[in-house]
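**Q** The structure under discussion is supplied below as structure tokens; questions concerning it will follow.
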Amino acid sequence: MAMQVLNKGFVRLVEHMGGDAAVIRNARRCWRSESKSEDADRQLLRHLIKKGHKTPFEAMVFTFDVKAPLFVARQWFRHRMASYNEESLRYCVAQREYYIPEQLEGDLLDAWKQHSEAAFDFYYELVNTYKLPREQARSVLPVGIYTNFFWTVNGSSLMNFLMLRTAKDAQYEIRAYADAILELVKEAAPISFGEFEREVLKRGG
């Protein structure tokens, strides 16, 4: 399932390993206990989240396919406890796609588009006419161009990402991706991320 984000971006949960059951299994190893009921399991997950015991959540691993503006990706890549595989503009020709903020209109919107289009025109001229290496030609492109990458992250690191990037003081653009990711993982591990949303993000009932 893919969720559209911003004007040209998206995030898609490609696959995941584990889920609520994996977290519960790993957590109960600490006490040599077994699951007794769904309510008891929910209480356990809530306890782990409230106390900040994150290790059992590493039993979940998620891989996302992401298309985001370059400046968003560079903020994203600051989260080091994850694996990234990004499309390389050293080997690939850039696609003519760039971020346009929703609030732009009139002359400002026209100027934004003209600036971005001119950058792409020059880029393609450098690559196609002057045969400049792609790895050099890409330097004239703005940081608003879109990039594609796979992001593989465990549940604990993902919770840290969501805590920081759904915050009100996070930049709007990356916050939009974080909100979409939260909705996707709530389907894959509803108890873990439902309790996380309630206890840490202070959302929902």
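Following the order of the structure tokens, chains are lettered A, B, ..., residues in each are numbered from 1, and ligands are numbered from 1.
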Hey, could you make a per-residue contact list for segment 50-130 of chain A against segment 171-186 of chain A with 10 Å as the cut-off, showing the nearest pair of atoms and its distance in Å to one decimal, counting only C-alpha atoms, sorted by chain and number, as JSON lines?
**A**
```
{"residue": "A:Phe62", "atom": "CA", "partner": "A:Val185", "partner_atom": "CA", "distance": 8.4}
{"residue": "A:Phe64", "atom": "CA", "partner": "A:Ile181", "partner_atom": "CA", "distance": 8.7}
{"residue": "A:Val66", "atom": "CA", "partner": "A:Tyr177", "partner_atom": "CA", "distance": 9.0}
{"residue": "A:Lys67", "atom": "CA", "partner": "A:Tyr177", "partner_atom": "CA", "distance": 9.7}
{"residue": "A:Ala68", "atom": "CA", "partner": "A:Tyr177", "partner_atom": "CA", "distance": 8.5}
{"residue": "A:Pro69", "atom": "CA", "partner": "A:Glu173", "partner_atom": "CA", "distance": 8.7}
{"residue": "A:Phe71", "atom": "CA", "partner": "A:Ile174", "partner_atom": "CA", "distance": 9.3}
{"residue": "A:Val72", "atom": "CA", "partner": "A:Ile174", "partner_atom": "CA", "distance": 5.8}
{"residue": "A:Ala73", "atom": "CA", "partner": "A:Ile174", "partner_atom": "CA", "distance": 8.4}
{"residue": "A:Gln75", "atom": "CA", "partner": "A:Ile174", "partner_atom": "CA", "distance": 7.9}
{"residue": "A:Trp76", "atom": "CA", "partner": "A:Ile174", "partner_atom": "CA", "distance": 7.7}
{"residue": "A:Tyr99", "atom": "CA", "partner": "A:Glu173", "partner_atom": "CA", "distance": 9.9}
{"residue": "A:Pro101", "atom": "CA", "partner": "A:Glu173", "partner_atom": "CA", "distance": 9.0}
```
**Q** I need the residues from that last selection saved to file as a compact mmCIF listing (two decimals), in the first residue's frame (with all heavy atoms), if you can.
**A**
```txt
# COMPACT_ATOMS: atom_id res chain seq x y z
N PHE A 62 11.02 -3.21 9.22
CA PHE A 62 10.18 -2.70 8.14
C PHE A 62 11.06 -2.18 7.00
O PHE A 62 12.10 -1.59 7.25
CB PHE A 62 9.31 -1.54 8.62
CG PHE A 62 8.44 -1.87 9.80
CD1 PHE A 62 8.92 -1.75 11.10
CD2 PHE A 62 7.13 -2.31 9.62
CE1 PHE A 62 8.12 -2.05 12.19
CE2 PHE A 62 6.32 -2.61 10.70
CZ PHE A 62 6.81 -2.48 11.99
N PHE A 64 10.60 0.34 3.68
CA PHE A 64 9.73 1.30 3.00
C PHE A 64 10.37 1.73 1.68
O PHE A 64 11.60 1.87 1.59
CB PHE A 64 9.52 2.55 3.85
CG PHE A 64 8.85 2.29 5.17
CD1 PHE A 64 9.62 2.03 6.30
CD2 PHE A 64 7.47 2.31 5.28
CE1 PHE A 64 9.01 1.80 7.53
CE2 PHE A 64 6.86 2.07 6.50
CZ PHE A 64 7.62 1.81 7.63
N VAL A 66 10.45 4.95 -0.60
CA VAL A 66 10.16 6.36 -0.36
C VAL A 66 10.57 7.21 -1.56
O VAL A 66 11.63 7.01 -2.14
CB VAL A 66 10.94 6.88 0.89
CG1 VAL A 66 10.60 8.34 1.15
CG2 VAL A 66 10.63 6.02 2.11
N LYS A 67 9.71 8.12 -1.91
CA LYS A 67 10.03 9.16 -2.89
C LYS A 67 9.80 10.50 -2.20
O LYS A 67 8.68 10.80 -1.80
CB LYS A 67 9.14 9.03 -4.13
CG LYS A 67 9.42 10.07 -5.20
CD LYS A 67 8.52 9.84 -6.41
CE LYS A 67 8.76 10.88 -7.49
NZ LYS A 67 7.85 10.65 -8.66
N ALA A 68 10.87 11.26 -2.06
CA ALA A 68 10.80 12.50 -1.27
C ALA A 68 11.73 13.55 -1.85
O ALA A 68 12.70 13.21 -2.54
CB ALA A 68 11.19 12.21 0.18
N PRO A 69 11.46 14.82 -1.57
CA PRO A 69 12.41 15.86 -2.00
C PRO A 69 13.79 15.61 -1.38
O PRO A 69 13.91 15.07 -0.28
CB PRO A 69 11.78 17.15 -1.45
CG PRO A 69 10.33 16.85 -1.33
CD PRO A 69 10.27 15.40 -0.93
N PHE A 71 15.93 17.52 0.01
CA PHE A 71 16.21 18.13 1.32
C PHE A 71 15.52 17.35 2.44
O PHE A 71 16.02 17.32 3.57
CB PHE A 71 15.80 19.61 1.34
CG PHE A 71 14.33 19.88 1.29
CD1 PHE A 71 13.57 19.97 2.45
CD2 PHE A 71 13.70 20.09 0.08
CE1 PHE A 71 12.21 20.23 2.40
CE2 PHE A 71 12.34 20.36 0.01
CZ PHE A 71 11.59 20.43 1.18
N VAL A 72 14.39 16.70 2.14
CA VAL A 72 13.73 15.86 3.14
C VAL A 72 14.55 14.59 3.37
O VAL A 72 14.76 14.16 4.50
CB VAL A 72 12.30 15.49 2.69
CG1 VAL A 72 11.68 14.44 3.62
CG2 VAL A 72 11.42 16.74 2.64
N ALA A 73 15.04 14.00 2.29
CA ALA A 73 15.86 12.80 2.41
C ALA A 73 17.11 13.05 3.24
O ALA A 73 17.52 12.19 4.03
CB ALA A 73 16.24 12.28 1.02
N GLN A 75 17.49 15.17 5.68
CA GLN A 75 17.08 15.17 7.08
C GLN A 75 16.84 13.74 7.55
O GLN A 75 17.25 13.36 8.66
CB GLN A 75 15.79 15.98 7.26
CG GLN A 75 15.94 17.47 7.07
CD GLN A 75 14.62 18.20 7.31
OE1 GLN A 75 13.54 17.61 7.26
NE2 GLN A 75 14.70 19.48 7.57
N TRP A 76 16.19 12.97 6.72
CA TRP A 76 15.85 11.58 7.04
C TRP A 76 17.10 10.76 7.31
O TRP A 76 17.16 9.96 8.26
CB TRP A 76 15.11 11.00 5.84
CG TRP A 76 14.18 9.88 6.08
CD1 TRP A 76 14.41 8.74 6.81
CD2 TRP A 76 12.84 9.76 5.56
NE1 TRP A 76 13.31 7.91 6.76
CE2 TRP A 76 12.33 8.51 6.00
CE3 TRP A 76 12.05 10.56 4.75
CZ2 TRP A 76 11.05 8.07 5.66
CZ3 TRP A 76 10.78 10.12 4.41
CH2 TRP A 76 10.29 8.90 4.87
N TYR A 99 9.65 19.51 -5.91
CA TYR A 99 8.66 19.85 -4.89
C TYR A 99 8.11 21.25 -5.12
O TYR A 99 8.85 22.19 -5.42
CB TYR A 99 9.30 19.77 -3.50
CG TYR A 99 8.43 20.26 -2.38
CD1 TYR A 99 7.15 19.73 -2.18
CD2 TYR A 99 8.89 21.24 -1.50
CE1 TYR A 99 6.35 20.18 -1.14
CE2 TYR A 99 8.10 21.68 -0.45
CZ TYR A 99 6.84 21.15 -0.28
OH TYR A 99 6.04 21.59 0.76
N PRO A 101 5.58 23.73 -2.87
CA PRO A 101 4.76 23.92 -1.67
C PRO A 101 3.32 24.26 -2.03
O PRO A 101 3.06 24.99 -2.98
CB PRO A 101 5.46 25.10 -0.96
CG PRO A 101 6.87 25.06 -1.47
CD PRO A 101 6.76 24.60 -2.89
```
**Q** Near segment 129-142 of chain A, within 10 Å and counting only C-alpha atoms, which residues show up once chain neighbours fewer than 4 positions away are dropped, as number ranges by chain?
**A** A: 69-71, 88-94, 98-99, 115-125, 146
**Q** For atom CA of Thr63 of chain A and atom CA of Asp20 of chain A, determine how far apart the two atoms are, in Å to one decimal place.
**A**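 One can read the atom CA of Thr63 of chain A to atom CA of Asp20 of chain A distance as 16.5 Å.
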**Q** Using only C-alpha atoms, which protein or nucleic acid residues come within 10 Å of Ile24 of chain A? Drop anything in the same chain fewer than 3 positions from it, and give the result as number ranges by chain.
**A** A: 19-21, 27-29, 34-35, 41-42, 44-45, 48, 56-57, 59, 192
**Q** Please report the interatomic distance between atom CA of Tyr84 of chain A and atom CA of Trp151 of chain A in Å with one decimal.
**A**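 Atom CA of Trp151 of chain A lies at a distance of 4.9 Å from atom CA of Tyr84 of chain A.
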**Q** Please return, as number ranges by chain, all residues of segment 32-145 of chain A that DSSP assigns to alpha helix (DSSP H) on the basis of the backbone.
**A** A: 38-51, 70-76, 106-128, 134-137
**Q** Which residues come within 10 Å of segment 197-199 of chain A, counting only C-alpha atoms, excluding same-chain residues fewer than 6 positions away, as a PyMOL selection string?
**A** chain A and resi 46-47+49-50+159+162-163+182+186+191+205
**Q** Give me, please, the distance in Å between atom CA of Phe196 of chain A and atom CA of Asn26 of chain A, quoted to one decimal.
**A**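 Atom-to-atom, atom CA of Phe196 of chain A and atom CA of Asn26 of chain A are spaced 17.5 Å apart.
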**Q** Using DSSP assignments from the backbone, pull out every residue in segment 2-204 of chain A that falls under strand (DSSP E or B) and give it to me as a VMD selection string.
**A** chain A and resid 2 to 5 9 to 17 61 to 69 83 to 86 98 145 to 154
**Q** Restricting the calculation to only C-alpha atoms: of A:Ala40, A:Val23, A:Phe77, A:Ile100, which residue gets closest to Val5 of chain A?
**A**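 Checking each of A:Ala40, A:Val23, A:Phe77, A:Ile100 against Val5 of chain A, counting only C-alpha atoms, the winner is A:Ile100.
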**Q** Could you check the closest approach to Gly9 of chain A for each of A:Thr147, A:Ala82, A:Leu126, A:Met60 and tell me which residue wins, using only C-alpha atoms?
**A**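 When distances to Gly9 of chain A are compared using only C-alpha atoms, the smallest one comes from A:Thr147.
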